[in-house]
Amino acid sequence: METNCSCKTDVPRVMTIHRILEEGKGQCSFFFKSFLNGSNKPPQPGQFVMVWLPGVDEKPMAISYSTDNEFAFTAQSVGPFTQALTRLKRGDRLGIRGPYGKGFTIKNPACVVAGGVGIASVATLIDQLQDPLIIYGTRSKAQLIYLQRYKKQEMLITTDDGSHGKKGFTTDVLVEVLSSNKTIKMIYTCGPEIMMKKVVALCMQYMIPCEASLERYMSCGFGVCGKCMVNDKITCIDGPVFSGKVLSTLSEFGATARLKSGRKVSLAEHHKV
Ligand SMILES: Cc1cc2nc3c(=O)[nH]c(=O)nc-3n(C[C@H](O)[C@H](O)[C@H](O)COP(=O)(O)OP(=O)(O)OC[C@H]3O[C@@H](n4cnc5c(N)ncnc54)[C@H](O)[C@@H]3O)c2cc1C
Ligand code: FES
């Protein structure tokens, strides 16, 4: 039975999918007609929800759209959970917990560097910034999403294979932007950790403040299981958004990852699993 309760709860609230927007091949946004928290305040850009698909799994998803009466998350089909999500239809139900975590602070003029589905984590941030410069990279053209949504923004696109935009990495473009005389007071990033590590290093080099959203494995979402730890930081409650200053002190950032069991492995080993 669907509950009408709008209070924040750490047990999943059963919610009906109001509409599904196909953003790209294997990438869908799932919309829900409701506020997420009881205070009538929209979630902060960078916050996430825990999405429970009974019998499959429960995983964190960034809040990628947020308006007065609707919110959504955007999933990219990569593994069992996200593949099961993309088979859902309008009217199907999911368990949602949250919103959780600390979001981004807003500072203009800004540049947003997004890699892959990491753009979902910075999407509501882009909605709140004043004409940010967006640097957005994916493996190839097929993975690019939100191009219509941000058609009025200045967007520099990169693809690893050169099938759209500039061939190469987002960080190659960021170097060009930073070495031009463009006034940028803040840089935001979300994407593969190895990319974010390079972004943070560049921000330190050019002495520009930055914030990055970490996509670590999460089970509880509220600081109990310890699976999302990066050094002494608990990503789900201390983050997922951290300042570049903090990240540059964490030896595990961009170097290690934790598996579903909580075991710590090198990033190279993580990509083999
Ligand atoms: C705070 C936070 C926010 C997140 N927001 C989103 C979001 O908005 N949308 C979203 O799709 N996912 C998001 N994730 C990741 C998400 O929770 C899942 O881990 C991911 O969707 C894969 O789950 P899966 O079970 O389908 O695949 P898994 O079995 O976990 O992964 C299958 C394979 O795909 C790789 N992989 C995992 N995640 C990705 C990815 N995002 N892109 C490319 N390859 C990947 C894995 O390394 C593995 O090889 C977020 C994670 C965190 C911590
Ligand atoms: S996900 Fe459990 S402590 Fe962060």
# chains A, B, ... in the order shown; residues from 1 in each chain; ligands from 1

$ residues_near_ligand --ligand "ligand 1" --cutoff "6 Å" --atoms "only C-alpha atoms and all ligand atoms" --output "short mmCIF file (atom, residue, chain, number, x, y, z; two decimals) with N, CA, C and O atoms, in the first residue's frame"
data_model
loop_
_atom_site.label_atom_id
_atom_site.label_comp_id
_atom_site.auth_asym_id
_atom_site.auth_seq_id
_atom_site.Cartn_x
_atom_site.Cartn_y
_atom_site.Cartn_z
N PHE A 48 21.37 12.35 -2.39
CA PHE A 48 20.97 11.12 -3.08
C PHE A 48 19.86 10.39 -2.32
O PHE A 48 19.58 10.73 -1.17
N LYS A 59 20.25 0.44 -3.90
CA LYS A 59 21.46 1.17 -4.31
C LYS A 59 21.24 2.68 -4.22
O LYS A 59 20.10 3.15 -4.38
N PRO A 60 22.32 3.44 -4.04
CA PRO A 60 22.18 4.90 -4.05
C PRO A 60 22.03 5.44 -5.47
O PRO A 60 22.66 4.94 -6.40
N MET A 61 21.20 6.45 -5.60
CA MET A 61 21.02 7.15 -6.88
C MET A 61 20.92 8.64 -6.60
O MET A 61 20.18 9.06 -5.69
N ALA A 62 21.63 9.43 -7.36
CA ALA A 62 21.58 10.89 -7.21
C ALA A 62 20.20 11.41 -7.58
O ALA A 62 19.55 10.85 -8.48
N PHE A 73 15.37 10.25 -10.36
CA PHE A 73 16.76 9.84 -10.46
C PHE A 73 16.96 9.26 -11.85
O PHE A 73 16.00 8.85 -12.51
N THR A 74 18.21 9.26 -12.30
CA THR A 74 18.54 8.79 -13.66
C THR A 74 19.50 7.62 -13.54
O THR A 74 20.58 7.76 -12.97
N ALA A 75 19.11 6.46 -14.06
CA ALA A 75 19.97 5.27 -13.95
C ALA A 75 20.54 4.90 -15.31
O ALA A 75 19.85 4.99 -16.34
N GLN A 76 21.80 4.50 -15.28
CA GLN A 76 22.44 3.98 -16.49
C GLN A 76 22.58 2.48 -16.31
O GLN A 76 23.15 2.02 -15.32
N SER A 77 22.06 1.74 -17.27
CA SER A 77 22.06 0.28 -17.15
C SER A 77 23.47 -0.28 -17.34
O SER A 77 24.02 -0.26 -18.43
N VAL A 78 24.06 -0.75 -16.22
CA VAL A 78 25.41 -1.33 -16.29
C VAL A 78 25.50 -2.72 -15.65
O VAL A 78 26.33 -3.53 -16.03
N GLY A 79 24.66 -2.99 -14.65
CA GLY A 79 24.73 -4.26 -13.94
C GLY A 79 23.34 -4.75 -13.57
O GLY A 79 22.34 -4.18 -14.02
N PRO A 80 23.24 -5.79 -12.73
CA PRO A 80 21.94 -6.42 -12.44
C PRO A 80 20.87 -5.45 -11.92
O PRO A 80 19.71 -5.51 -12.34
N PHE A 81 21.26 -4.55 -11.02
CA PHE A 81 20.28 -3.64 -10.42
C PHE A 81 19.73 -2.66 -11.45
O PHE A 81 18.52 -2.51 -11.63
N THR A 82 20.65 -2.00 -12.14
CA THR A 82 20.21 -0.98 -13.10
C THR A 82 19.53 -1.62 -14.32
O THR A 82 18.63 -1.03 -14.91
N GLN A 83 19.91 -2.86 -14.66
CA GLN A 83 19.21 -3.54 -15.76
C GLN A 83 17.76 -3.82 -15.35
O GLN A 83 16.83 -3.65 -16.13
N VAL A 117 27.72 8.88 -16.26
CA VAL A 117 26.44 9.11 -15.59
C VAL A 117 26.60 10.02 -14.37
O VAL A 117 25.63 10.44 -13.74
N ALA A 120 24.38 13.03 -13.71
CA ALA A 120 23.12 12.99 -12.95
C ALA A 120 23.30 13.62 -11.56
O ALA A 120 22.40 14.28 -11.04
N SER A 121 24.48 13.45 -10.97
CA SER A 121 24.74 13.98 -9.62
C SER A 121 24.93 15.49 -9.61
O SER A 121 24.80 16.11 -8.56
N GLU A 215 31.20 8.57 -5.69
CA GLU A 215 30.22 7.50 -5.88
C GLU A 215 30.79 6.20 -5.34
O GLU A 215 31.25 5.34 -6.08
N ARG A 216 30.80 6.06 -4.04
CA ARG A 216 31.33 4.87 -3.38
C ARG A 216 30.23 3.83 -3.18
O ARG A 216 29.05 4.17 -3.16
N TYR A 217 30.62 2.57 -2.98
CA TYR A 217 29.63 1.54 -2.69
C TYR A 217 28.92 1.90 -1.38
O TYR A 217 29.57 2.27 -0.41
N MET A 218 27.60 1.81 -1.35
CA MET A 218 26.84 2.15 -0.13
C MET A 218 25.80 1.09 0.16
O MET A 218 25.17 0.58 -0.76
N PRO A 240 28.02 12.86 0.06
CA PRO A 240 29.04 12.45 -0.92
C PRO A 240 29.86 13.61 -1.48
O PRO A 240 30.85 13.37 -2.14
N HIS A 271 38.23 -2.62 -10.79
CA HIS A 271 37.73 -2.64 -12.17
C HIS A 271 37.77 -4.03 -12.79
O HIS A 271 37.06 -4.30 -13.74
#

$ residues_near_ligand --ligand "ligand 2" --cutoff "6 Å" --atoms "only C-alpha atoms and all ligand atoms" --output "list in words"
Met218, Ser219, Cys220, Gly221, Phe222, Gly223, Val224, Cys225, Gly226, Lys227, Cys228, Ile234, Thr235 and Cys236 of chain A

$ closest_residue --among "A:Tyr100, A:Phe242, A:Tyr136, A:Tyr146" --to "Val200 (chain A)" --atoms "only C-alpha atoms"
A:Phe242

$ residues_around --residues "Cys111 (chain A)" --least-positions-apart "4" --cutoff "7 Å" --atoms "only C-alpha atoms" --output "list of chain:residue names"
A:Pro132, A:Leu133, A:Ile134, A:Ile184, A:Met186, A:Ile187, A:Tyr188

$ write_last_selection --atoms "N, CA and C atoms" --output "compact mmCIF listing (two decimals), in the first residue's frame"
# COMPACT_ATOMS: atom_id res chain seq x y z
N PRO A 132 26.67 28.19 -15.87
CA PRO A 132 27.97 27.55 -15.69
C PRO A 132 28.52 27.04 -17.02
N LEU A 133 29.85 26.93 -17.08
CA LEU A 133 30.48 26.27 -18.21
C LEU A 133 30.48 24.77 -17.88
N ILE A 134 29.98 23.95 -18.80
CA ILE A 134 29.91 22.51 -18.52
C ILE A 134 30.93 21.78 -19.41
N ILE A 184 36.76 31.88 -13.40
CA ILE A 184 36.01 30.78 -12.77
C ILE A 184 36.35 30.80 -11.28
N MET A 186 34.73 28.66 -9.05
CA MET A 186 34.44 27.38 -8.40
C MET A 186 34.34 26.28 -9.46
N ILE A 187 34.86 25.10 -9.11
CA ILE A 187 34.76 23.96 -10.04
C ILE A 187 34.07 22.82 -9.30
N TYR A 188 33.09 22.21 -9.96
CA TYR A 188 32.36 21.07 -9.39
C TYR A 188 32.61 19.86 -10.28

$ select_by_dssp --residues "region 53-217 of chain A" --states "helix (DSSP H, G or I)" --output "VMD selection string"
chain A and resid 80 to 85 116 to 128 141 to 143 170 to 179 193 to 205

$ closest_residue --among "A:Ile237, A:Ser64, A:Ile157, A:Leu178" --to "Ala123 (chain A)" --atoms "only C-alpha atoms"
A:Ser64

$ residues_around --residues "region 13-28 of chain A" --least-positions-apart "5" --cutoff "7 Å" --atoms "only C-alpha atoms" --output "NGL selection string"
:A and (2-3 or 33 or 74-77 or 86 or 90-97 or 142-143 or 145-146)

$ atom_distance --atom1 "CA of Gln130 (chain A)" --atom2 "CA of Ala110 (chain A)"
7.9 Å

$ select_by_dssp --residues "region 34-188 of chain A" --states "strand (DSSP E or B)" --output "JSON, numbers by chain"
{"A": [48, 49, 50, 51, 52, 53, 57, 58, 59, 60, 61, 62, 63, 64, 65, 66, 67, 70, 71, 72, 73, 74, 75, 76, 93, 94, 95, 96, 97, 98, 99, 100, 102, 110, 111, 112, 113, 114, 115, 133, 134, 135, 136, 137, 138, 154, 155, 156, 157, 158, 159, 166, 167, 186, 187, 188]}

$ atom_distance --atom1 "CA of Ile194 (chain A)" --atom2 "CA of Gly254 (chain A)"
5.1 Å

$ closest_residue --among "A:Asn181, A:Asn231, A:Thr105, A:Gln153" --to "Gly46 (chain A)" --atoms "only C-alpha atoms"
A:Thr105

$ residues_around --residues "Leu174 (chain A)" --least-positions-apart "5" --cutoff "12 Å" --atoms "only C-alpha atoms" --output "PyMOL selection string"
chain A and resi 111-114+133-137+155-158+168-169+179-180+182+184+187-189+195-196+198-203+206

$ atom_distance --atom1 "CA of Arg258 (chain A)" --atom2 "CA of Tyr65 (chain A)"
28.3 Å

$ closest_residue --among "A:Ser213, A:Thr183, A:Gln128, A:Ser163" --to "Leu144 (chain A)" --atoms "only C-alpha atoms"
A:Ser163
